[in-house]
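K.L.:
First, the structure itself, so that you have it in front of you.
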Amino acid sequence: HIAHNRTDLAIMVRPPNDLDTGHQPFAPHPYGIVAAPAHPLVTAKNISLATLMREQFVVREKGSDTWHSMVEGFGGDLGDIRIAMQIPSTETIKQAVIANMGLAFISLHTVELEVRTRLLTILDVKGLTLIRSWHLVNLRSSGLSPAADSFRYFVLERGATLLRGQFHRLPVAQPRTARRTMSN
């Protein structure tokens with residue numbers, strides 16, 4: 001869309017390097033490994049990458065920003081990863097993990113609600129802290145309209161605060177607990 005001038009501004013992790021774009025980072029973009037609350041690794045601490053490689057993963061398609069970030073997070077090699085499913089939709093990946101079909105490497109911005117409601121749990125993985133940046137991207141050869149330019153300034157000034165949400169305070173590896181019942 002950017003290349004064909006159909007999109008004034010895009011928000012992405014990896015600005016294209018084959019286009020003459022202006023791109024400005026404006027907010028951190030953290031990734032992590034999530035699991036269903038019933039998964040055995042939920043209670044583990046400092047999980048090693050070797051332990052993770054024995055687990056099934058539900059992953060984004062090769063070539064996606066998430067796939068490339070996962071390669072970086074795992075030290076450049078996913079040759080031994082056990083892929084249960086490869087899905088081009090973050091929402092579908094979340095549902096597959098909720099159904100305990102595997103673990104997922106995912107943007108923590110996308111799982112805030114599911115973690116808060118304990119449908120998903122962020123695992124405590126040793127040595128896997130990957131924070132990329134969100135970028136505002138536009139084609140340099142096209143000027144921005146006044147509205148698009150105003151939006152760009154708004155995102156640059158307030159985007160990080162608005163995106164921060166609760167992800168930095170999300171519980172890590174907190175299993176579901178049994179509900180207490182009150183007697184009358």
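Scheme for the structure tokens: letters A, B, ... for chains in order shown; per-chain residue numbers from 1; ligand numbers from 1 in order shown.
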Which residues come within 10 Å of Glu61 of chain A, counting only C-alpha atoms, excluding same-chain residues fewer than 2 positions away, as a ChimeraX atom specification?

P.N.:
/A:58-59,63-68,85-89

K.L.:
When DSSP is applied to the backbone of this structure, which of segment 69-124 of chain A are assigned strand (DSSP E or B)? Write them out as a PyMOL selection string.

P.N.:
chain A and resi 82-86+103-107+121-122

K.L.:
Report as JSON, numbers by chain all protein, DNA and RNA residues lying within 6 Å of segment 113-120 of chain A, evaluated on only C-alpha atoms, omitting residues in the same chain fewer than 5 positions from it.

P.N.:
{"A": [35, 36, 37]}

K.L.:
Can those selected residues be exported to a file as a short mmCIF file (atom, residue, chain, number, x, y, z; two decimals), in the first residue's frame so that it contains N, CA, C and O atoms?

P.N.:
data_model
loop_
_atom_site.label_atom_id
_atom_site.label_comp_id
_atom_site.auth_asym_id
_atom_site.auth_seq_id
_atom_site.Cartn_x
_atom_site.Cartn_y
_atom_site.Cartn_z
N ALA A 35 1.38 -19.00 26.83
CA ALA A 35 0.86 -20.36 26.95
C ALA A 35 -0.54 -20.32 27.55
O ALA A 35 -0.92 -19.33 28.17
N ALA A 36 -1.24 -21.40 27.38
CA ALA A 36 -2.52 -21.57 28.08
C ALA A 36 -2.23 -21.75 29.56
O ALA A 36 -1.19 -22.32 29.94
N PRO A 37 -3.11 -21.28 30.44
CA PRO A 37 -2.86 -21.41 31.88
C PRO A 37 -2.64 -22.85 32.35
O PRO A 37 -1.98 -23.06 33.36
#

K.L.:
Taking 6 positions as the minimum chain separation for residues in the same chain, which residues sit within 12 Å of Leu128 of chain A when counting only C-alpha atoms? Answer as a list in words.

P.N.:
Pro30, Tyr31, Gly32, Ile33, Asn46, Ile47, Ser48, Leu49, Ala50, Leu52, Ser69, Met70, Val71, Glu72, Gly73, Phe74, Gly75, Phe105 and Ile122 of chain A

K.L.:
Those residues with N, CA, C and O atoms, as a short mmCIF file (atom, residue, chain, number, x, y, z; two decimals), in the first residue's frame please?

P.N.:
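Result file follows (selection_19.cif):
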data_model
loop_
_atom_site.label_atom_id
_atom_site.label_comp_id
_atom_site.auth_asym_id
_atom_site.auth_seq_id
_atom_site.Cartn_x
_atom_site.Cartn_y
_atom_site.Cartn_z
N PRO A 30 7.26 -4.88 22.71
CA PRO A 30 7.79 -6.07 23.38
C PRO A 30 7.15 -7.37 22.86
O PRO A 30 5.98 -7.40 22.50
N TYR A 31 7.95 -8.41 22.84
CA TYR A 31 7.49 -9.75 22.47
C TYR A 31 7.71 -10.68 23.65
O TYR A 31 8.56 -10.44 24.50
N GLY A 32 6.98 -11.78 23.67
CA GLY A 32 7.16 -12.80 24.69
C GLY A 32 6.56 -14.11 24.23
O GLY A 32 5.98 -14.21 23.16
N ILE A 33 6.71 -15.12 25.08
CA ILE A 33 6.14 -16.45 24.83
C ILE A 33 4.92 -16.59 25.72
O ILE A 33 4.99 -16.35 26.93
N ASN A 46 12.60 -19.05 34.82
CA ASN A 46 13.83 -19.05 34.02
C ASN A 46 13.90 -20.22 33.04
O ASN A 46 14.90 -20.94 32.98
N ILE A 47 12.86 -20.39 32.27
CA ILE A 47 12.79 -21.48 31.28
C ILE A 47 13.88 -21.25 30.23
O ILE A 47 14.01 -20.15 29.70
N SER A 48 14.63 -22.27 29.91
CA SER A 48 15.70 -22.14 28.92
C SER A 48 15.12 -22.24 27.50
O SER A 48 14.05 -22.82 27.28
N LEU A 49 15.87 -21.69 26.55
CA LEU A 49 15.46 -21.81 25.16
C LEU A 49 15.47 -23.27 24.73
O LEU A 49 14.63 -23.69 23.93
N ALA A 50 16.39 -24.06 25.27
CA ALA A 50 16.43 -25.49 24.95
C ALA A 50 15.14 -26.19 25.38
O ALA A 50 14.61 -27.04 24.66
N LEU A 52 12.22 -24.71 25.69
CA LEU A 52 11.17 -24.25 24.77
C LEU A 52 11.19 -24.99 23.45
O LEU A 52 10.13 -25.27 22.87
N SER A 69 11.11 -11.48 14.07
CA SER A 69 11.42 -11.15 15.47
C SER A 69 11.64 -12.42 16.28
O SER A 69 12.52 -12.45 17.16
N MET A 70 10.89 -13.47 15.98
CA MET A 70 11.07 -14.75 16.67
C MET A 70 12.46 -15.32 16.36
O MET A 70 13.14 -15.81 17.27
N VAL A 71 12.88 -15.25 15.11
CA VAL A 71 14.22 -15.71 14.74
C VAL A 71 15.27 -14.95 15.57
O VAL A 71 16.18 -15.55 16.13
N GLU A 72 15.12 -13.62 15.66
CA GLU A 72 16.05 -12.82 16.46
C GLU A 72 16.01 -13.23 17.93
O GLU A 72 17.05 -13.36 18.57
N GLY A 73 14.80 -13.39 18.47
CA GLY A 73 14.64 -13.74 19.88
C GLY A 73 15.25 -15.09 20.23
O GLY A 73 15.73 -15.30 21.34
N PHE A 74 15.24 -16.02 19.27
CA PHE A 74 15.79 -17.34 19.50
C PHE A 74 17.24 -17.45 19.05
O PHE A 74 17.77 -18.53 18.85
N GLY A 75 17.88 -16.32 18.86
CA GLY A 75 19.30 -16.31 18.54
C GLY A 75 19.63 -16.62 17.09
O GLY A 75 20.73 -17.06 16.79
N PHE A 105 5.12 -17.27 20.22
CA PHE A 105 5.95 -16.08 20.34
C PHE A 105 5.10 -14.98 19.74
O PHE A 105 4.70 -15.08 18.58
N ILE A 122 2.04 -15.26 30.24
CA ILE A 122 3.37 -14.98 29.70
C ILE A 122 4.37 -15.84 30.46
O ILE A 122 4.43 -15.79 31.69
#

K.L.:
Which residue gives the smallest distance to Ala160 of chain A among A:Ala104, A:Val111, A:Ala96, A:Leu136, with only C-alpha atoms counted?

P.N.:
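For Ala160 of chain A, the nearest of the given residues is A:Leu136.
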
K.L.:
With a distance cut-off of 7 Å and only C-alpha atoms, select the neighbouring residues of Pro25 of chain A, excluding the residue or stretch itself and same-chain residues fewer than 2 positions from it, and output the selection as a list in words.

P.N.:
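These residues fall inside the cut-off: His23, Ala27, Ser133, Trp134, His135 and Leu136 of chain A.
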
K.L.:
Using only N, CA and C atoms, please write the residues we just selected to a file, as a tab-separated table (two decimals), in the first residue's frame.

P.N.:
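As written to disk, again_36.tsv reads:
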chain	number	residue	atom	x	y	z
A	23	HIS	N	10.82	7.04	8.17
A	23	HIS	CA	10.32	6.22	9.27
A	23	HIS	C	10.91	6.70	10.58
A	27	ALA	N	7.49	4.02	19.74
A	27	ALA	CA	7.10	3.29	20.94
A	27	ALA	C	7.79	1.93	20.97
A	133	SER	N	10.84	-1.76	18.02
A	133	SER	CA	10.17	-0.45	18.05
A	133	SER	C	9.08	-0.40	17.00
A	134	TRP	N	7.99	0.25	17.36
A	134	TRP	CA	6.98	0.60	16.38
A	134	TRP	C	7.49	1.82	15.63
A	135	HIS	N	7.28	1.83	14.32
A	135	HIS	CA	7.69	2.95	13.48
A	135	HIS	C	6.49	3.51	12.73
A	136	LEU	N	6.49	4.82	12.55
A	136	LEU	CA	5.57	5.48	11.63
A	136	LEU	C	6.29	5.55	10.30

K.L.:
Find the residues near segment 151-155 of chain A: any atom within 12 Å, counting only C-alpha atoms, skip ones fewer than 3 places away on the same chain, and give them as a PyMOL selection string.

P.N.:
chain A and resi 8-11+22-27+134-138+144-148+158-163

K.L.:
Based on the backbone DSSP call, show me all residues of segment 25-153 of chain A assigned alpha helix (DSSP H), as a count of residues only.

P.N.:
35

K.L.:
Identify which of the residues A:Gly76, A:Asp124, A:Ile2, A:Asn100 lies closest to Asp18 of chain A, counting only C-alpha atoms when measuring atom-to-atom distances.

P.N.:
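Using only C-alpha atoms, the shortest distance to Asp18 of chain A belongs to A:Ile2.
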
K.L.:
Between A:Leu123, A:Ile131, A:Ala3, A:Leu103, which one has atoms that come closest to Arg60 of chain A, using only C-alpha atoms?

P.N.:
A:Leu103

K.L.:
When you draw a straight line from atom CA of Gly127 of chain A to atom CA of Leu78 of chain A, how long is it in Å?

P.N.:
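The value is 15.5 Å.
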
K.L.:
Which of these, A:Val34, A:Val42, A:Ala84, A:Val97, has the shortest distance to Arg54 of chain A once you count only C-alpha atoms?

P.N.:
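Using only C-alpha atoms, the shortest distance to Arg54 of chain A belongs to A:Ala84.
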
K.L.:
May I ask for the distance between atom CA of Thr51 of chain A and atom CA of Ile81 of chain A, given in Å to one decimal place?

P.N.:
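Going from atom CA of Thr51 of chain A over to atom CA of Ile81 of chain A, I get 10.7 Å.
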
K.L.:
What is the distance, in Å and to one decimal place, between atom CA of Gly79 of chain A and atom CA of Ala99 of chain A?

P.N.:
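Separation between atom CA of Gly79 of chain A and atom CA of Ala99 of chain A: 25.2 Å.
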